[in-house]
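Student: Below is a structure I'd like to ask you about.
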Amino acid sequence: MSRPAVSVLMPTYNQALFLPRALHSLTHQTVGDWELIVVNDGSTDDTEQVLQSYRDDRIVYHRHEVNQGLGAALTRALELARGRHIAYLPSDDYFDPAHLEDGLALLEQFPDCYAAYGGVRWWQTTEASKPFRVRVEMPTLRGAEVVGEEAAFLARTEETPFEDLRNGNLLALVQVIHRRDLEHKVSWPTRAEGVSDTLEIDYWRSLAAQGATFKHTGEISCEWGDHPDQRHKIIGGRGYIHPTEPTGRGFGLARYRQHYGIRTGEKINWKTSFWSLPHDQNARYGPLEEDQNAGSHAVPVGERLRVLVAGELGFNPERLLAMSEQGHSLYGMWTQTPQAWQTVGPLPFQGVTDVPFDEHWKERVKEIAPDFIYALLNWQALPLIESVLAARLDIPIVFHFKESPFFAMEMGLWPTLVTALRQSAGVVLINDESREFLEIHSGVDLSDDRVLILDGDLPKGNWFTEEWSPKLSSQDNEIHTVCVGRVKVESRSFLEPMPVLAAAGIHVHVYGETYQKWSSEWIETGADSRFMHLHPNVEPKDWARELSQYDAAWPHVHQSSNKGDLRRAQWDDLNLPGRLGTYSVGGLPLIVAENAGHRVAIRNLAEKLDIAISFEGIPDLAAKLGDRSHLARLTDNARAAGQFFNFDEQLPRLLEFCRRVTRVGSGG
């Protein structure tokens, strides 16, 4: 068979409703010497039926039984391609009639040009038009000014604003037609190598690094689709503006795993460019699998439970392994729109069986017949929990709620929260302040017989290694503090100003590149200071060794105004930040504002455990941090308090409570 002039690669996943438009645009090209390589990447919709209706010998079809990711789909398409050139037609984009003709003609006219590209129509968000978009026509995604300067653009990197859905990209896949000479040198990454919202720009950069040149055809000849389920939006969230999702739900690692049906236990190296934290799941969960000793933690068969986990897991989702290690059977039914920092299934570790939340979920739950439903954790899970309550399955529910009653009010979910508090067999809350606040505001009885106090984001016991490092202060006799996570978000600050801390001789070590981007204004104030130190993200297996070298940790700085009356409380009065467990693994005392005369949960907890460095003003803080004997005592207390934050240590309390309130006996 003769080689076609161009092989058009079409990776597709669950886009059956977009396929007719894309296929029509290809079959009506002014050039007919093409082949289409369709790689159906594990679609569960009508993709195959739609393709079967197109009887064209130029269409080559290949199906992956399970989704393998865009990189793998493009690699497989390249392996099947026979054409002399390569073009791309993602199934949610389309060509104008002369797109292929223009690109092929340019490549023939300029033998030294490696890649031709047509101009593109797309929907651009502007500050003035939010939440609406304006359709624009440009030679590249960066406008006309980079035409002829493609190599220079690809050689540089830049920070892309969150609102910019281009993800730093220069050319959408649909624009490009290129030769094949560099195919053996440049490849598309597999999901195991990394999942990123910069996949396309990284590929163009790799080609340019090998000497490839790019040239514009001079015509606008294709359109880049626009919808919420685009891969780069799901990953990075850029440009994700939707009136029903004001807090930016619907994207991030959890959403990616859900949307693409990633199998339970499959781990991803997550390299998103901005929003969701970089997250190598092999580094995070691999050590847990290595440490697991099958059966060593198992309880007697008659004490094992069947538990349906409903909602989302917030931080530290591996805590569920502590339950599965005991031999309990866990099932997960997950909210469909988690925030980027939350965890839902399919989980990257074994031990929890997914239950799809679809039209058949009630029948599936009845078949599983769980002893109880463990409904959790934050306000985003409330709609799913409401559905579970409304179904009246005659299965007792334990409701674990963390964050936040104020957000529930704001999002119109206060009635759902009150219903969950009222109808659940038992309620787990993060502290007594939250319990009192909710009892006052909801009128629901939250007395001791149906309430357990337990934080919702506790780390798994494996991370409490007690691998303590020498203190930096013992080497230079200066004060070293640490902040893992957010420093400042908009007007809300979690630390005192860096110049003020530096003037007091207090070093601050900030961990997490993404959090540093969020806090760029605060970071800039200390850019020239020897007292500010920026570090990359630190994995849980390294928390104890890395963080224990510091003197104390910053949960958040909060000045209360409630005057001791929780009816006047705000969320920072009630909250226990998720980073507390991380600091506990590092054995660190907590820096908290004094807030005399006010009720603040974080200060009360730190005082109760005797791990608080409470201060009024920076001079007071510097003096207390400089008291080495007092600091040593607090450090000893913080290390001893690890069991309070260790989920494995707290699990017996949780399960005993669940058994009691749900009346599940030891015989199951």
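FYI, nothing fancy with the structure tokens labels: chains A, B, ... in order, residues from 1 per chain, ligands from 1 as they appear.
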Hey, what's within 12 Å of Arg659 in chain A if we count only C-alpha atoms and toss same-chain stuff fewer than 4 positions away? As a list in words, please?
Tutor: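 What passes the distance filter is Glu303, Arg304, Leu305, Arg306, Val307, Asp371, Phe372, Ile373, Tyr374, Pro396, Ile397, Val398, Ala425, Gly426, Arg450, Pro652, Arg653, Leu654, Leu655, Arg663, Val664, Gly665, Ser666, Gly667 and Gly668 of chain A.
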Student: Could you find all residues in range 158-255 of chain A that DSSP calls helix (DSSP H, G or I) from the backbone, and write them as a PyMOL selection string?
Tutor: chain A and resi 173-175+199-209+231-236+253-255
Student: Got a sec: who's within 8 Å of Asp610 in chain A, counting only C-alpha atoms, leaving out chain neighbours fewer than 5 positions off, as a list in words?
Tutor: Leu634, Asn637 and Ala638 of chain A
Student: For the residues in that selection, give me N, CA, C and O atoms as a PDB file, in the first residue's frame.
Tutor:
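Here's the written file out15.pdb:
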ATOM      1  N   LEU A 634       8.903  21.893  75.480  1.00  0.00           N
ATOM      2  CA  LEU A 634       7.768  21.853  74.570  1.00  0.00           C
ATOM      3  C   LEU A 634       8.006  20.850  73.431  1.00  0.00           C
ATOM      4  O   LEU A 634       7.068  20.178  72.983  1.00  0.00           O
ATOM      5  N   ASN A 637       7.271  17.476  74.683  1.00  0.00           N
ATOM      6  CA  ASN A 637       5.822  17.296  74.767  1.00  0.00           C
ATOM      7  C   ASN A 637       5.210  17.053  73.388  1.00  0.00           C
ATOM      8  O   ASN A 637       4.307  16.220  73.230  1.00  0.00           O
ATOM      9  N   ALA A 638       5.704  17.788  72.394  1.00  0.00           N
ATOM     10  CA  ALA A 638       5.175  17.636  71.039  1.00  0.00           C
ATOM     11  C   ALA A 638       5.461  16.242  70.496  1.00  0.00           C
ATOM     12  O   ALA A 638       4.616  15.635  69.827  1.00  0.00           O
TER      13      ALA A 638
END
Student: Within 9 Å of Leu26 in chain A, counting only C-alpha atoms, which residues qualify if same-chain residues fewer than 6 places away don't, as a PyMOL selection string?
Tutor: chain A and resi 8+32+36+89+94-97+100
Student: Write out, as an mmCIF file, in the first residue's frame, the residues just selected, with C-alpha atoms.
Tutor:
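again_7.cif written:
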data_model
loop_
_atom_site.group_PDB
_atom_site.id
_atom_site.type_symbol
_atom_site.label_atom_id
_atom_site.label_comp_id
_atom_site.auth_asym_id
_atom_site.auth_seq_id
_atom_site.Cartn_x
_atom_site.Cartn_y
_atom_site.Cartn_z
ATOM 1 C CA VAL A 8 -4.114 12.365 11.241
ATOM 2 C CA GLY A 32 -8.035 13.410 0.312
ATOM 3 C CA LEU A 36 -7.079 8.777 10.262
ATOM 4 C CA LEU A 89 -7.304 16.102 15.326
ATOM 5 C CA TYR A 94 -12.096 20.452 14.069
ATOM 6 C CA PHE A 95 -10.440 21.490 10.816
ATOM 7 C CA ASP A 96 -11.502 24.062 8.258
ATOM 8 C CA PRO A 97 -11.627 22.532 4.734
ATOM 9 C CA LEU A 100 -4.351 19.942 5.625
#
Student: For range 333-335 of chain A, please output as a ChimeraX atom specification all residues within 12 Å (counting only C-alpha atoms; exclusion window: fewer than 5 positions along the same chain).
Tutor: /A:249-250,254-255,257-258,307-314,342-347,352-358,360-362,364-365,368,373-388
Student: So, with only C-alpha atoms as the atoms that count, which of A:Lys541, A:Lys624, A:Lys402, A:Lys185 lies closest to Tyr203 in chain A?
Tutor: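 Among the listed residues, the smallest separation from Tyr203 in chain A belongs to A:Lys185.
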Student: At what distance in Å, to one decimal, does CA of Gly642 in chain A lie from CA of Tyr285 in chain A?
Tutor: 20.9 Å
Student: I'd like the contact shell of Tyr114 in chain A - 7 Å cut-off, only C-alpha atoms, skipping same-chain residues fewer than 3 positions apart - returned as a PyMOL selection string.
Tutor: chain A and resi 178-179+212-214
Student: Calculated over only C-alpha atoms, which of the candidates A:Tyr260, A:Phe251, A:Trp571, A:Tyr88 has the smallest distance to Thr337 in chain A?
Tutor: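 The closest residue to Thr337 in chain A is A:Phe251.
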Student: Report, in Å with one decimal, the straight-line distance from CA of Gly456 in chain A to CA of His400 in chain A.
Tutor: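 According to the coordinates, CA of Gly456 in chain A and CA of His400 in chain A are separated by 7.3 Å.
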Student: Please report the interatomic distance between CA of Ser53 in chain A and CA of Ala22 in chain A in Å with one decimal.
Tutor: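 Interatomic distance here is 13.9 Å.
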Student: Compile the contact shell of Val500 in chain A as a VMD selection string: residues with an atom at most 12 Å away, counting only C-alpha atoms, same-chain residues fewer than 2 positions apart removed.
Tutor: chain A and resid 495 to 498 502 to 508 522 525 to 526 529 531 to 532 617 to 619 621 to 622
Student: With only C-alpha atoms as the basis for distance, which of A:Ala98, A:Leu154, A:Leu580, A:Ile613 is at the shortest distance from Asn316 in chain A?
Tutor: A:Leu580
